[in-house]
file final-v1.cif (mmCIF, C-alpha atoms and all ligand atoms)
data_data
#
loop_
_atom_site.group_PDB
_atom_site.id
_atom_site.type_symbol
_atom_site.label_atom_id
_atom_site.label_comp_id
_atom_site.auth_asym_id
_atom_site.auth_seq_id
_atom_site.Cartn_x
_atom_site.Cartn_y
_atom_site.Cartn_z
ATOM 1 C CA MET V 16 0.000 0.000 0.000
ATOM 2 C CA THR V 17 1.133 3.495 -0.680
ATOM 3 C CA ASP V 18 -0.315 6.929 -0.014
ATOM 4 C CA ILE V 19 -0.523 10.143 -2.030
ATOM 5 C CA ARG V 20 2.432 11.799 -0.321
ATOM 6 C CA THR V 21 4.773 8.868 -0.868
ATOM 7 C CA ILE V 22 3.829 8.124 -4.450
ATOM 8 C CA LEU V 23 3.988 11.798 -5.452
ATOM 9 C CA HIS V 24 7.394 12.114 -3.866
ATOM 10 C CA ARG V 25 8.682 9.034 -5.687
ATOM 11 C CA ALA V 26 7.257 10.098 -9.049
ATOM 12 C CA THR V 27 8.674 13.607 -8.703
ATOM 13 C CA ARG V 28 12.121 12.196 -8.009
ATOM 14 C CA GLU V 29 11.967 9.860 -11.018
ATOM 15 C CA LEU V 30 10.751 12.577 -13.392
ATOM 16 C CA ALA V 31 13.319 15.061 -12.141
ATOM 17 C CA ALA V 32 16.061 12.475 -12.577
ATOM 18 C CA ALA V 33 14.891 12.052 -16.191
ATOM 19 C CA GLY V 34 15.469 15.768 -16.681
ATOM 20 C CA SER V 35 11.917 17.141 -16.437
ATOM 21 C CA PRO V 36 11.900 20.762 -15.237
ATOM 22 C CA SER V 37 8.245 20.443 -14.189
ATOM 23 C CA ALA V 38 8.501 17.099 -12.383
ATOM 24 C CA ARG V 39 6.377 17.920 -9.319
ATOM 25 C CA LEU V 40 3.687 19.670 -11.320
ATOM 26 C CA ASP V 41 3.507 16.848 -13.865
ATOM 27 C CA ALA V 42 3.252 14.212 -11.145
ATOM 28 C CA GLU V 43 0.456 16.164 -9.463
ATOM 29 C CA VAL V 44 -1.488 16.672 -12.681
ATOM 30 C CA LEU V 45 -1.260 12.975 -13.517
ATOM 31 C CA LEU V 46 -2.403 11.943 -10.053
ATOM 32 C CA MET V 47 -5.232 14.488 -9.921
ATOM 33 C CA ARG V 48 -6.582 13.206 -13.201
ATOM 34 C CA LEU V 49 -6.177 9.569 -12.212
ATOM 35 C CA LEU V 50 -7.969 10.013 -8.879
ATOM 36 C CA GLY V 51 -10.471 12.602 -10.096
ATOM 37 C CA MET V 52 -9.301 15.058 -7.426
ATOM 38 C CA ASP V 53 -8.398 18.737 -7.653
ATOM 39 C CA ARG V 54 -5.195 20.235 -6.240
ATOM 40 C CA PRO V 55 -6.636 21.310 -2.838
ATOM 41 C CA GLN V 56 -8.069 17.813 -2.339
ATOM 42 C CA LEU V 57 -4.737 16.295 -3.243
ATOM 43 C CA SER V 58 -2.805 18.414 -0.764
ATOM 44 C CA MET V 59 -5.394 18.052 2.002
ATOM 45 C CA HIS V 60 -5.267 14.255 1.949
ATOM 46 C CA PRO V 61 -1.592 13.277 1.671
ATOM 47 C CA GLU V 62 -2.296 10.143 3.699
ATOM 48 C CA ARG V 63 -5.058 8.867 1.379
ATOM 49 C CA GLU V 64 -4.133 5.325 0.370
ATOM 50 C CA LEU V 65 -4.139 4.327 -3.285
ATOM 51 C CA SER V 66 -5.667 1.031 -4.344
ATOM 52 C CA GLN V 67 -3.439 -1.394 -6.175
ATOM 53 C CA GLU V 68 -5.046 -0.532 -9.510
ATOM 54 C CA GLU V 69 -4.667 3.199 -8.898
ATOM 55 C CA ALA V 70 -1.027 2.815 -7.943
ATOM 56 C CA ALA V 71 -0.317 0.605 -10.968
ATOM 57 C CA GLY V 72 -2.105 3.038 -13.287
ATOM 58 C CA PHE V 73 -0.119 5.930 -11.893
ATOM 59 C CA VAL V 74 3.179 4.107 -12.285
ATOM 60 C CA ARG V 75 2.330 3.454 -15.966
ATOM 61 C CA TRP V 76 1.487 7.127 -16.553
ATOM 62 C CA VAL V 77 4.648 8.331 -14.844
ATOM 63 C CA GLU V 78 6.677 5.961 -16.997
ATOM 64 C CA ARG V 79 5.111 7.410 -20.162
ATOM 65 C CA ARG V 80 5.916 10.906 -18.937
ATOM 66 C CA ARG V 81 9.452 9.823 -18.109
ATOM 67 C CA LEU V 82 9.830 8.757 -21.759
ATOM 68 C CA GLY V 83 8.904 12.265 -22.854
ATOM 69 C CA GLU V 84 5.218 11.978 -23.707
ATOM 70 C CA PRO V 85 3.322 15.248 -23.093
ATOM 71 C CA VAL V 86 1.029 15.166 -20.044
ATOM 72 C CA ALA V 87 -1.969 16.164 -22.199
ATOM 73 C CA TYR V 88 -1.722 12.964 -24.259
ATOM 74 C CA ILE V 89 -1.327 10.811 -21.155
ATOM 75 C CA VAL V 90 -4.412 12.222 -19.458
ATOM 76 C CA GLY V 91 -6.246 12.622 -22.782
ATOM 77 C CA GLY V 92 -7.133 16.274 -22.370
ATOM 78 C CA LYS V 93 -5.955 19.867 -22.332
ATOM 79 C CA GLU V 94 -7.534 23.077 -21.130
ATOM 80 C CA PHE V 95 -8.076 25.792 -23.730
ATOM 81 C CA TRP V 96 -10.136 28.956 -23.178
ATOM 82 C CA SER V 97 -11.077 27.438 -19.788
ATOM 83 C CA LEU V 98 -12.712 24.430 -21.450
ATOM 84 C CA ARG V 99 -11.385 20.898 -21.377
ATOM 85 C CA PHE V 100 -10.625 19.547 -24.840
ATOM 86 C CA GLU V 101 -10.142 15.868 -25.495
ATOM 87 C CA VAL V 102 -6.791 15.329 -27.196
ATOM 88 C CA GLY V 103 -5.046 12.236 -28.514
ATOM 89 C CA ARG V 104 -2.004 11.531 -30.598
ATOM 90 C CA GLU V 105 -3.936 12.363 -33.798
ATOM 91 C CA VAL V 106 -4.213 16.057 -32.875
ATOM 92 C CA LEU V 107 -1.959 18.920 -31.897
ATOM 93 C CA ILE V 108 -2.263 19.851 -28.213
ATOM 94 C CA PRO V 109 -3.932 23.294 -28.239
ATOM 95 C CA ARG V 110 -1.467 26.015 -27.203
ATOM 96 C CA PRO V 111 -2.262 28.995 -24.967
ATOM 97 C CA GLU V 112 -1.020 31.486 -27.595
ATOM 98 C CA THR V 113 -3.805 30.310 -29.925
ATOM 99 C CA GLU V 114 -6.248 31.973 -27.526
ATOM 100 C CA CYS V 115 -4.955 35.257 -29.002
ATOM 101 C CA LEU V 116 -6.501 34.319 -32.344
ATOM 102 C CA ILE V 117 -9.878 33.893 -30.637
ATOM 103 C CA GLU V 118 -9.470 37.241 -28.861
ATOM 104 C CA GLU V 119 -8.661 38.866 -32.171
ATOM 105 C CA VAL V 120 -11.799 37.458 -33.841
ATOM 106 C CA LEU V 121 -13.880 38.679 -30.885
ATOM 107 C CA ARG V 122 -12.403 42.147 -31.222
ATOM 108 C CA PHE V 123 -14.122 42.463 -34.594
ATOM 109 C CA TYR V 124 -17.199 40.280 -34.153
ATOM 110 C CA HIS V 125 -19.522 40.391 -31.168
ATOM 111 C CA PRO V 126 -22.041 37.972 -29.745
ATOM 112 C CA PRO V 127 -24.412 36.621 -30.776
ATOM 113 C CA GLY V 128 -22.857 36.747 -34.268
ATOM 114 C CA GLU V 129 -26.199 36.430 -36.052
ATOM 115 C CA GLY V 130 -25.806 35.115 -39.604
ATOM 116 C CA LEU V 131 -22.012 34.768 -39.446
ATOM 117 C CA ARG V 132 -20.449 31.930 -41.397
ATOM 118 C CA ILE V 133 -17.064 30.926 -40.022
ATOM 119 C CA VAL V 134 -14.586 28.329 -41.221
ATOM 120 C CA ASP V 135 -11.632 27.008 -39.195
ATOM 121 C CA ILE V 136 -9.064 25.354 -41.461
ATOM 122 C CA GLY V 137 -6.975 22.568 -39.929
ATOM 123 C CA THR V 138 -9.147 22.370 -36.848
ATOM 124 C CA GLY V 139 -7.202 19.611 -35.036
ATOM 125 C CA SER V 140 -8.923 19.114 -31.669
ATOM 126 C CA GLY V 141 -11.495 21.688 -32.770
ATOM 127 C CA ALA V 142 -10.201 24.181 -30.208
ATOM 128 C CA ILE V 143 -10.667 27.338 -32.319
ATOM 129 C CA ALA V 144 -13.897 26.276 -34.008
ATOM 130 C CA VAL V 145 -15.613 25.058 -30.829
ATOM 131 C CA VAL V 146 -14.666 28.149 -28.812
ATOM 132 C CA LEU V 147 -15.890 30.471 -31.584
ATOM 133 C CA ALA V 148 -19.156 28.535 -31.794
ATOM 134 C CA ARG V 149 -19.598 29.032 -28.051
ATOM 135 C CA GLU V 150 -18.617 32.708 -28.015
ATOM 136 C CA LEU V 151 -20.756 33.551 -31.054
ATOM 137 C CA PRO V 152 -23.879 31.534 -30.287
ATOM 138 C CA ALA V 153 -25.802 32.578 -33.416
ATOM 139 C CA ALA V 154 -22.957 31.826 -35.847
ATOM 140 C CA ARG V 155 -22.514 28.680 -37.919
ATOM 141 C CA VAL V 156 -18.998 27.236 -37.807
ATOM 142 C CA ALA V 157 -17.352 24.825 -40.231
ATOM 143 C CA ALA V 158 -14.228 22.907 -39.249
ATOM 144 C CA THR V 159 -11.942 21.169 -41.733
ATOM 145 C CA ASP V 160 -8.922 18.918 -41.435
ATOM 146 C CA ILE V 161 -6.940 16.644 -43.716
ATOM 147 C CA SER V 162 -6.764 14.111 -40.879
ATOM 148 C CA PRO V 163 -9.827 11.899 -40.338
ATOM 149 C CA GLY V 164 -8.621 11.203 -36.783
ATOM 150 C CA ALA V 165 -8.605 14.924 -36.033
ATOM 151 C CA ILE V 166 -12.111 15.388 -37.431
ATOM 152 C CA ALA V 167 -13.356 12.612 -35.130
ATOM 153 C CA VAL V 168 -11.761 14.261 -32.073
ATOM 154 C CA ALA V 169 -13.078 17.708 -33.058
ATOM 155 C CA ARG V 170 -16.605 16.339 -33.445
ATOM 156 C CA ARG V 171 -16.495 14.809 -29.973
ATOM 157 C CA ASN V 172 -15.276 18.103 -28.528
ATOM 158 C CA ALA V 173 -18.127 19.945 -30.265
ATOM 159 C CA VAL V 174 -20.618 17.521 -28.724
ATOM 160 C CA ALA V 175 -18.984 17.752 -25.294
ATOM 161 C CA HIS V 176 -19.248 21.539 -25.360
ATOM 162 C CA GLY V 177 -22.794 21.644 -26.691
ATOM 163 C CA VAL V 178 -22.189 23.282 -30.075
ATOM 164 C CA ALA V 179 -22.336 20.336 -32.501
ATOM 165 C CA GLY V 180 -25.741 21.483 -33.775
ATOM 166 C CA ARG V 181 -24.218 24.655 -35.233
ATOM 167 C CA MET V 182 -21.088 23.050 -36.610
ATOM 168 C CA ASP V 183 -20.209 21.226 -39.822
ATOM 169 C CA PHE V 184 -17.155 19.042 -40.294
ATOM 170 C CA PHE V 185 -15.244 18.427 -43.501
ATOM 171 C CA GLU V 186 -12.355 16.086 -44.024
ATOM 172 C CA GLY V 187 -10.038 17.226 -46.815
ATOM 173 C CA ASP V 188 -7.454 19.659 -48.071
ATOM 174 C CA LEU V 189 -7.853 23.244 -46.767
ATOM 175 C CA PHE V 190 -11.548 24.168 -47.188
ATOM 176 C CA GLY V 191 -12.287 20.551 -48.106
ATOM 177 C CA THR V 192 -15.785 20.337 -49.512
ATOM 178 C CA ALA V 193 -16.989 23.235 -47.384
ATOM 179 C CA SER V 194 -18.599 25.522 -49.922
ATOM 180 C CA GLY V 195 -20.017 29.015 -50.079
ATOM 181 C CA ASP V 196 -18.798 32.418 -49.005
ATOM 182 C CA TRP V 197 -17.362 33.070 -45.593
ATOM 183 C CA ASP V 198 -17.484 36.014 -43.216
ATOM 184 C CA ILE V 199 -14.521 34.684 -41.254
ATOM 185 C CA VAL V 200 -11.727 32.368 -42.329
ATOM 186 C CA CYS V 201 -9.453 31.410 -39.475
ATOM 187 C CA SER V 202 -6.622 28.977 -39.130
ATOM 188 C CA ASN V 203 -3.710 27.957 -36.988
ATOM 189 C CA PRO V 204 -2.030 26.028 -39.789
ATOM 190 C CA PRO V 205 1.234 24.087 -39.637
ATOM 191 C CA TYR V 206 4.076 26.636 -39.702
ATOM 192 C CA ILE V 207 7.348 24.918 -38.866
ATOM 193 C CA ARG V 208 10.020 25.307 -41.549
ATOM 194 C CA GLU V 209 11.381 22.020 -42.901
ATOM 195 C CA ASP V 210 14.897 22.759 -41.660
ATOM 196 C CA GLN V 211 13.614 23.607 -38.159
ATOM 197 C CA TYR V 212 11.556 20.475 -37.665
ATOM 198 C CA GLY V 213 14.523 18.487 -36.385
ATOM 199 C CA LEU V 214 15.246 21.216 -33.824
ATOM 200 C CA LEU V 215 11.847 20.956 -32.122
ATOM 201 C CA PRO V 216 11.852 19.684 -28.528
ATOM 202 C CA GLU V 217 11.623 15.883 -28.386
ATOM 203 C CA GLY V 218 8.272 15.958 -26.615
ATOM 204 C CA ILE V 219 6.833 17.668 -29.703
ATOM 205 C CA ARG V 220 8.857 15.925 -32.403
ATOM 206 C CA ASN V 221 8.349 12.407 -31.077
ATOM 207 C CA PHE V 222 4.697 12.671 -30.106
ATOM 208 C CA GLU V 223 2.744 15.368 -31.957
ATOM 209 C CA PRO V 224 1.543 14.690 -35.514
ATOM 210 C CA PRO V 225 4.083 15.882 -38.128
ATOM 211 C CA GLU V 226 1.258 16.926 -40.465
ATOM 212 C CA ALA V 227 0.126 19.390 -37.783
ATOM 213 C CA LEU V 228 3.528 21.067 -37.700
ATOM 214 C CA ALA V 229 5.597 20.840 -40.879
ATOM 215 C CA ALA V 230 5.039 23.503 -43.525
ATOM 216 C CA GLY V 231 7.518 23.256 -46.368
ATOM 217 C CA PRO V 232 10.844 24.996 -46.938
ATOM 218 C CA ASP V 233 9.720 28.492 -45.905
ATOM 219 C CA GLY V 234 7.162 27.606 -43.208
ATOM 220 C CA VAL V 235 4.388 29.644 -44.797
ATOM 221 C CA ALA V 236 3.169 27.169 -47.421
ATOM 222 C CA PHE V 237 -0.257 26.938 -45.747
ATOM 223 C CA HIS V 238 -0.575 30.671 -45.147
ATOM 224 C CA ARG V 239 0.152 31.248 -48.843
ATOM 225 C CA ARG V 240 -2.558 28.827 -49.950
ATOM 226 C CA ILE V 241 -5.140 29.984 -47.400
ATOM 227 C CA ILE V 242 -4.568 33.657 -48.305
ATOM 228 C CA ARG V 243 -4.892 32.875 -52.015
ATOM 229 C CA GLU V 244 -8.031 30.736 -51.676
ATOM 230 C CA GLY V 245 -9.427 33.068 -49.050
ATOM 231 C CA ALA V 246 -9.383 35.854 -51.640
ATOM 232 C CA LEU V 247 -11.973 33.863 -53.609
ATOM 233 C CA ARG V 248 -13.945 32.394 -50.726
ATOM 234 C CA LEU V 249 -14.366 35.368 -48.387
ATOM 235 C CA LYS V 250 -17.321 37.699 -48.658
ATOM 236 C CA ALA V 251 -16.382 41.299 -49.420
ATOM 237 C CA GLY V 252 -15.693 42.856 -46.027
ATOM 238 C CA GLY V 253 -15.018 39.418 -44.521
ATOM 239 C CA ARG V 254 -11.910 38.818 -42.480
ATOM 240 C CA ILE V 255 -9.132 36.305 -42.281
ATOM 241 C CA PHE V 256 -7.243 35.433 -39.081
ATOM 242 C CA LEU V 257 -4.025 33.412 -39.238
ATOM 243 C CA GLU V 258 -1.706 32.300 -36.494
ATOM 244 C CA ILE V 259 1.950 32.730 -37.458
ATOM 245 C CA GLY V 260 5.273 31.528 -36.103
ATOM 246 C CA GLU V 261 8.113 33.661 -34.860
ATOM 247 C CA GLU V 262 9.576 35.930 -37.555
ATOM 248 C CA GLN V 263 6.912 35.091 -40.148
ATOM 249 C CA ARG V 264 5.130 38.431 -40.008
ATOM 250 C CA ASP V 265 6.872 40.110 -42.933
ATOM 251 C CA ARG V 266 6.473 37.108 -45.205
ATOM 252 C CA VAL V 267 2.801 36.667 -44.404
ATOM 253 C CA GLU V 268 2.106 40.384 -44.696
ATOM 254 C CA ALA V 269 3.715 40.306 -48.154
ATOM 255 C CA LEU V 270 1.484 37.393 -49.127
ATOM 256 C CA PHE V 271 -1.599 39.418 -48.192
ATOM 257 C CA ARG V 272 -0.354 42.452 -50.154
ATOM 258 C CA GLN V 273 0.519 40.414 -53.241
ATOM 259 C CA GLU V 274 -3.044 39.167 -53.496
ATOM 260 C CA GLY V 275 -4.249 42.748 -54.043
ATOM 261 C CA VAL V 276 -7.703 42.272 -52.493
ATOM 262 C CA TYR V 277 -6.884 42.627 -48.819
ATOM 263 C CA GLY V 278 -6.799 45.743 -46.672
ATOM 264 C CA ASP V 279 -6.567 46.584 -42.978
ATOM 265 C CA ILE V 280 -3.654 44.144 -42.663
ATOM 266 C CA ASP V 281 -2.497 43.938 -39.066
ATOM 267 C CA CYS V 282 -0.624 41.740 -36.640
ATOM 268 C CA ARG V 283 -0.967 41.296 -32.888
ATOM 269 C CA LYS V 284 1.483 39.957 -30.389
ATOM 270 C CA ASP V 285 0.880 37.099 -27.980
ATOM 271 C CA TYR V 286 1.445 37.471 -24.241
ATOM 272 C CA GLY V 287 5.073 36.465 -24.706
ATOM 273 C CA GLY V 288 5.548 39.524 -26.935
ATOM 274 C CA ILE V 289 5.839 37.484 -30.152
ATOM 275 C CA GLU V 290 3.939 38.576 -33.280
ATOM 276 C CA ARG V 291 1.330 35.856 -33.450
ATOM 277 C CA VAL V 292 -1.938 36.646 -35.242
ATOM 278 C CA MET V 293 -2.245 38.257 -38.675
ATOM 279 C CA THR V 294 -5.572 39.695 -39.722
ATOM 280 C CA ALA V 295 -6.797 41.240 -42.943
ATOM 281 C CA ARG V 296 -10.085 42.304 -44.475
ATOM 282 C CA LYS V 297 -11.178 41.453 -47.970
ATOM 283 C CA ASN V 298 -11.902 44.717 -49.726
ATOM 284 C CA HIS V 299 -15.188 45.622 -51.329
ATOM 285 C CA GLN V 300 -14.615 45.640 -55.083
ATOM 286 C CA ASP V 301 -15.962 48.784 -56.675
HETATM 287 N N1 LIG A 1 -6.400 24.371 -35.014
HETATM 288 C C1 LIG A 1 -5.801 23.431 -34.074
HETATM 289 C C2 LIG A 1 -4.776 22.502 -34.755
HETATM 290 C C3 LIG A 1 -3.639 23.188 -35.430
HETATM 291 S S1 LIG A 1 -2.447 22.046 -36.084
HETATM 292 C C4 LIG A 1 -5.153 24.221 -32.954
HETATM 293 O O1 LIG A 1 -4.947 25.424 -33.096
HETATM 294 O O2 LIG A 1 -4.830 23.637 -31.917
HETATM 295 C C5 LIG A 1 -2.740 22.138 -37.812
HETATM 296 C C6 LIG A 1 -3.832 21.203 -38.312
HETATM 297 O O3 LIG A 1 -3.864 21.329 -39.754
HETATM 298 C C7 LIG A 1 -3.608 19.718 -38.031
HETATM 299 O O4 LIG A 1 -4.756 19.181 -37.389
HETATM 300 C C8 LIG A 1 -3.410 19.096 -39.415
HETATM 301 O O5 LIG A 1 -3.961 17.795 -39.532
HETATM 302 C C9 LIG A 1 -4.151 20.065 -40.306
HETATM 303 N N2 LIG A 1 -3.731 20.066 -41.712
HETATM 304 C C10 LIG A 1 -2.502 19.827 -42.221
HETATM 305 N N3 LIG A 1 -2.521 19.914 -43.554
HETATM 306 C C11 LIG A 1 -3.782 20.240 -43.918
HETATM 307 C C12 LIG A 1 -4.433 20.471 -45.172
HETATM 308 N N4 LIG A 1 -3.779 20.388 -46.332
HETATM 309 N N5 LIG A 1 -5.749 20.771 -45.158
HETATM 310 C C13 LIG A 1 -6.448 20.845 -43.992
HETATM 311 N N6 LIG A 1 -5.877 20.638 -42.778
HETATM 312 C C14 LIG A 1 -4.566 20.335 -42.733
#
call {"tool": "encode", "arguments": {"input": "final-v1.cif", "output": "structure tokens"}}
result
Amino acid sequence: MTDIRTILHRATRELAAAGSPSARLDAEVLLMRLLGMDRPQLSMHPERELSQEEAAGFVRWVERRRLGEPVAYIVGGKEFWSLRFEVGREVLIPRPETECLIEEVLRFYHPPGEGLRIVDIGTGSGAIAVVLARELPAARVAATDISPGAIAVARRNAVAHGVAGRMDFFEGDLFGTASGDWDIVCSNPPYIREDQYGLLPEGIRNFEPPEALAAGPDGVAFHRRIIREGALRLKAGGRIFLEIGEEQRDRVEALFRQEGVYGDIDCRKDYGGIERVMTARKNHQD
């Protein structure tokens, strides 16, 4: 038999020895999820005994973490915009900086978003699409992805968060078979340059899907295509919102300018001070 204090202590030591800088936190998160407890409960009951199954389950999870697997995949979920999203190895783990893209959309469009048609390209877990469907409760939101596994996860997240009735899912390249004109095109597409892929931290490189990350020799292959197709698919006055990687602003801004139909091109920084979300409006042609 072993109790919470002892097993946490042991796991923290093992994870720290394996080089994890967040050993204690990781061990706590794994145990909280396994036991269905929150942090105060965990710290108030250090003497609570674990059953054999619980202890064995925890040891397996800690071992996966020790081998570098991200905590979100082990526990099967990640918080985004204060909602819990199911994640698995078929989807990118939603990142906090992607919340800036949502904030940017909500700076221009306000609830309830009556009549808005939104498409999220490369939806992954559905993080962007599901949050926008919740924040703009009168909008209709399409979500596309080239990965059938991602579409399945995104659908489940839409159901879990009560917005599936206003969402449509399309498996395929970029817009897939999603047709019609859009008020809002948004995407957090893959944006890692080919030559930088090998430099990603192991936890990302060994566990997250390569098709969610890699984006050709210049890292803006998807931005280029989305900006070009967006020029045809956006309504006049509609807006596009794209997440970008570090030092991609100038390139992506040039792509918008080259197209000749976009105005009001702007970029906002994330909370780490990195230029992160590009926006532009499709001009009215007259
Ligand atoms: N929007 C999610 C996931 C971003 S990762 C988030 O912000 O967390 C990028 C996603 O684009 C992955 O799910 C990947 O499968 C998808 N993708 C890659 N190539 C694509 C393509 N050609 N067409 C549509 N989606 C694509």
call {"tool": "resolve_selection", "arguments": {"input": "final-v1.cif", "expression": "the PyMOL selection byres (((chain V and resi 246) around 8) and not hetatm)", "output": "mmCIF file with C-alpha atoms, in the frame of the given file"}}
result
data_model
loop_
_atom_site.group_PDB
_atom_site.id
_atom_site.type_symbol
_atom_site.label_atom_id
_atom_site.label_comp_id
_atom_site.auth_asym_id
_atom_site.auth_seq_id
_atom_site.Cartn_x
_atom_site.Cartn_y
_atom_site.Cartn_z
ATOM 1 C CA ILE V 242 -4.568 33.657 -48.305
ATOM 2 C CA ARG V 243 -4.892 32.875 -52.015
ATOM 3 C CA GLU V 244 -8.031 30.736 -51.676
ATOM 4 C CA GLY V 245 -9.427 33.068 -49.050
ATOM 5 C CA LEU V 247 -11.973 33.863 -53.609
ATOM 6 C CA ARG V 248 -13.945 32.394 -50.726
ATOM 7 C CA LEU V 249 -14.366 35.368 -48.387
ATOM 8 C CA GLU V 274 -3.044 39.167 -53.496
ATOM 9 C CA VAL V 276 -7.703 42.272 -52.493
ATOM 10 C CA TYR V 277 -6.884 42.627 -48.819
ATOM 11 C CA LYS V 297 -11.178 41.453 -47.970
#
call {"tool": "residues_around", "arguments": {"input": "final-v1.cif", "residues": "V:Pro204", "least_positions_apart": "2", "cutoff": "9 Å", "atoms": "only C-alpha atoms", "output": "ChimeraX atom specification"}}
result
/V:136-138,202,206,227-228,230,235,237-238,257-259
call {"tool": "axis_aligned_box", "arguments": {"input": "final-v1.cif", "around": "ligand LIG 1 (chain A)", "padding_each_side": "3 Å", "output": "lines of an AutoDock Vina configuration file"}}
result
center_x = -4.4
center_y = 21.6
center_z = -39.1
size_x = 10.0
size_y = 13.6
size_z = 20.4
call {"tool": "closest_residue", "arguments": {"input": "final-v1.cif", "among": "V:Ala38, V:Asp233, V:Tyr88, V:Pro55", "to": "V:Ile219", "atoms": "only C-alpha atoms"}}
result
V:Tyr88
call {"tool": "residues_near_ligand", "arguments": {"input": "final-v1.cif", "ligand": "ligand LIG 1 (chain A)", "cutoff": "8 Å", "atoms": "all atoms listed in the file", "output": "PyMOL selection string"}}
result
chain V and resi 105-110+113+135-144+159-162+165+186-191+202-205+224+226-228+237
call {"tool": "write_last_selection", "arguments": {"input": "final-v1.cif", "atoms": "C-alpha atoms", "output": "mmCIF file, in the coordinates of the input"}}
result
data_model
loop_
_atom_site.group_PDB
_atom_site.id
_atom_site.type_symbol
_atom_site.label_atom_id
_atom_site.label_comp_id
_atom_site.auth_asym_id
_atom_site.auth_seq_id
_atom_site.Cartn_x
_atom_site.Cartn_y
_atom_site.Cartn_z
ATOM 1 C CA GLU V 105 -3.936 12.363 -33.798
ATOM 2 C CA VAL V 106 -4.213 16.057 -32.875
ATOM 3 C CA LEU V 107 -1.959 18.920 -31.897
ATOM 4 C CA ILE V 108 -2.263 19.851 -28.213
ATOM 5 C CA PRO V 109 -3.932 23.294 -28.239
ATOM 6 C CA ARG V 110 -1.467 26.015 -27.203
ATOM 7 C CA THR V 113 -3.805 30.310 -29.925
ATOM 8 C CA ASP V 135 -11.632 27.008 -39.195
ATOM 9 C CA ILE V 136 -9.064 25.354 -41.461
ATOM 10 C CA GLY V 137 -6.975 22.568 -39.929
ATOM 11 C CA THR V 138 -9.147 22.370 -36.848
ATOM 12 C CA GLY V 139 -7.202 19.611 -35.036
ATOM 13 C CA SER V 140 -8.923 19.114 -31.669
ATOM 14 C CA GLY V 141 -11.495 21.688 -32.770
ATOM 15 C CA ALA V 142 -10.201 24.181 -30.208
ATOM 16 C CA ILE V 143 -10.667 27.338 -32.319
ATOM 17 C CA ALA V 144 -13.897 26.276 -34.008
ATOM 18 C CA THR V 159 -11.942 21.169 -41.733
ATOM 19 C CA ASP V 160 -8.922 18.918 -41.435
ATOM 20 C CA ILE V 161 -6.940 16.644 -43.716
ATOM 21 C CA SER V 162 -6.764 14.111 -40.879
ATOM 22 C CA ALA V 165 -8.605 14.924 -36.033
ATOM 23 C CA GLU V 186 -12.355 16.086 -44.024
ATOM 24 C CA GLY V 187 -10.038 17.226 -46.815
ATOM 25 C CA ASP V 188 -7.454 19.659 -48.071
ATOM 26 C CA LEU V 189 -7.853 23.244 -46.767
ATOM 27 C CA PHE V 190 -11.548 24.168 -47.188
ATOM 28 C CA GLY V 191 -12.287 20.551 -48.106
ATOM 29 C CA SER V 202 -6.622 28.977 -39.130
ATOM 30 C CA ASN V 203 -3.710 27.957 -36.988
ATOM 31 C CA PRO V 204 -2.030 26.028 -39.789
ATOM 32 C CA PRO V 205 1.234 24.087 -39.637
ATOM 33 C CA PRO V 224 1.543 14.690 -35.514
ATOM 34 C CA GLU V 226 1.258 16.926 -40.465
ATOM 35 C CA ALA V 227 0.126 19.390 -37.783
ATOM 36 C CA LEU V 228 3.528 21.067 -37.700
ATOM 37 C CA PHE V 237 -0.257 26.938 -45.747
#
call {"tool": "residues_near_point", "arguments": {"input": "final-v1.cif", "point": "(1.7, 3.5, -13.6)", "cutoff": "12 Å", "atoms": "all atoms listed in the file", "output": "VMD selection string"}}
result
chain V and resid 22 to 23 25 to 26 42 45 to 46 49 65 67 to 81 89
call {"tool": "closest_atom_pairs", "arguments": {"input": "final-v1.cif", "of": "stretch 196-301 of chain V", "to": "stretch 150-155 of chain V", "cutoff": "12 Å", "atoms": "all atoms listed in the file", "output": "JSON lines"}}
result
{"residue": "V:Trp197", "atom": "CA", "partner": "V:Arg155", "partner_atom": "CA", "distance": 10.2}
{"residue": "V:Asp198", "atom": "CA", "partner": "V:Ala154", "partner_atom": "CA", "distance": 10.1}
{"residue": "V:Ile199", "atom": "CA", "partner": "V:Ala154", "partner_atom": "CA", "distance": 10.4}
call {"tool": "residues_around", "arguments": {"input": "final-v1.cif", "residues": "V:Gly103", "least_positions_apart": "6", "cutoff": "8 Å", "atoms": "all atoms listed in the file", "output": "MDAnalysis selection string"}}
result
chainID V and resid 88 91:92 168
call {"tool": "atom_distance", "arguments": {"input": "final-v1.cif", "atom1": "atom CA of V:Ala193", "atom2": "atom CA of V:Gly252"}}
result
19.7 Å
call {"tool": "atom_distance", "arguments": {"input": "final-v1.cif", "atom1": "atom CA of V:Leu30", "atom2": "atom CA of V:Pro111"}}
result
23.9 Å
call {"tool": "atom_distance", "arguments": {"input": "final-v1.cif", "atom1": "atom CA of V:Pro126", "atom2": "atom CA of V:Arg171"}}
result
23.8 Å
call {"tool": "residues_around", "arguments": {"input": "final-v1.cif", "residues": "V:Thr21", "least_positions_apart": "6", "cutoff": "12 Å", "atoms": "only C-alpha atoms", "output": "ChimeraX atom specification"}}
result
/V:27-28,42,60-65,70
call {"tool": "write_last_selection", "arguments": {"input": "final-v1.cif", "atoms": "C-alpha atoms", "output": "JSON list (two decimals), in the coordinates of the input"}}
result
[["chain", "number", "residue", "atom", "x", "y", "z"],
["V", 27, "THR", "CA", 8.67, 13.61, -8.70],
["V", 28, "ARG", "CA", 12.12, 12.20, -8.01],
["V", 42, "ALA", "CA", 3.25, 14.21, -11.14],
["V", 60, "HIS", "CA", -5.27, 14.26, 1.95],
["V", 61, "PRO", "CA", -1.59, 13.28, 1.67],
["V", 62, "GLU", "CA", -2.30, 10.14, 3.70],
["V", 63, "ARG", "CA", -5.06, 8.87, 1.38],
["V", 64, "GLU", "CA", -4.13, 5.32, 0.37],
["V", 65, "LEU", "CA", -4.14, 4.33, -3.28],
["V", 70, "ALA", "CA", -1.03, 2.82, -7.94]]
